[in-house]
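Notes for the one structure printed next.
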Amino acid sequence: MSRFETLRAAKLKQLAALGPFVAASFCRVNRRCGNPGCKCAKGQPHHAVVLTYKVRSKTRVVHVPKDLVEEVHQWVKEHQRLKRLAREISNSSLAIIHCHVPARRAAARGRKRFQP
């Protein structure tokens, strides 16, 4: 087994250990409610947390309740970790493909297998 195969196997194990995730961006926004007697009308806007995501090339926004903010933030981080792991696994697979031809040529000539 080449070092790229070993690396890919390790990354696949990490992928299996991922928790729940959501494909969205975590945003903290300042909002005004529209009530003329509210503090936000005097320059102190309300703070809210929203998730933005795409559906058919249109940005959608969903409000995150205060009691779920930390949990949803973790879900967003898990999605970022998922994307990073997928990229690393793909790169390892490409490296295995790139090393395959030189390794077969070396084996055909009776030499030791190519290990970059």
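In the structure tokens, the first chain shown is A, the next is B, and so on; residue numbers restart at 1 for each chain, and ligands run from 1 in the order shown.
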
* Enumerate the residues of chain A with a DSSP assignment of strand (DSSP E or B), computed from the backbone, and present them as number ranges by chain. => A: 25-31, 46-55, 58-63

* What's the 12 Å shell around range 38-46 of chain A, counting only C-alpha atoms, without same-chain residues fewer than 5 positions away, as JSON, numbers by chain? -> {"A": [28, 29, 30, 31, 32, 33]}

* Asked: So which residues touch range 85-88 of chain A within 8 Å, counting only C-alpha atoms, skipping near sequence neighbours fewer than 5 positions away, as a PyMOL selection string?
  -> chain A and resi 8+11+14-15

* Asked: For His73 in chain A, which residue among A:Arg104, A:Ala24, A:Arg3, A:Thr59 is the nearest when counting only C-alpha atoms?
  -> A:Ala24

* Mind pulling up the distance from CA of Ile89 in chain A to CA of Phe26 in chain A? -> 25.6 Å

* Between A:Ala108, A:Ser25, A:Met1, A:Asn91, which has the minimum distance to Tyr53 in chain A (counting only C-alpha atoms)? ->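 Among A:Ala108, A:Ser25, A:Met1, A:Asn91, it is A:Ser25 that comes nearest to Tyr53 in chain A.
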
* To do: Using backbone DSSP assignments, extract all helix (DSSP H, G or I) residues from chain A; output them as a PyMOL selection string.
  => chain A and resi 3-16+39-42+66-108

If you count only C-alpha atoms, which residues fall within 12 Å of Thr6 in chain A, apart from same-chain ones fewer than 6 positions away, as an mmCIF file with N, CA and C atoms, in the first residue's frame?
data_model
loop_
_atom_site.group_PDB
_atom_site.id
_atom_site.type_symbol
_atom_site.label_atom_id
_atom_site.label_comp_id
_atom_site.auth_asym_id
_atom_site.auth_seq_id
_atom_site.Cartn_x
_atom_site.Cartn_y
_atom_site.Cartn_z
ATOM 1 N N LEU A 12 -10.504 8.917 5.147
ATOM 2 C CA LEU A 12 -11.828 8.297 5.077
ATOM 3 C C LEU A 12 -12.342 7.939 6.469
ATOM 4 N N LYS A 13 -11.438 7.540 7.359
ATOM 5 C CA LYS A 13 -11.841 7.263 8.743
ATOM 6 C C LYS A 13 -12.306 8.542 9.429
ATOM 7 N N ILE A 89 -9.128 13.926 0.300
ATOM 8 C CA ILE A 89 -9.323 12.558 -0.201
ATOM 9 C C ILE A 89 -9.207 12.540 -1.720
ATOM 10 N N SER A 92 -5.573 12.807 -2.720
ATOM 11 C CA SER A 92 -4.875 11.530 -2.515
ATOM 12 C C SER A 92 -5.218 10.540 -3.618
ATOM 13 N N SER A 93 -6.478 10.503 -4.015
ATOM 14 C CA SER A 93 -6.888 9.601 -5.093
ATOM 15 C C SER A 93 -6.219 9.983 -6.406
ATOM 16 N N ALA A 95 -3.322 11.456 -6.682
ATOM 17 C CA ALA A 95 -1.914 11.076 -6.545
ATOM 18 C C ALA A 95 -1.728 9.579 -6.798
ATOM 19 N N ILE A 96 -2.675 8.771 -6.344
ATOM 20 C CA ILE A 96 -2.606 7.320 -6.592
ATOM 21 C C ILE A 96 -2.665 7.055 -8.086
#
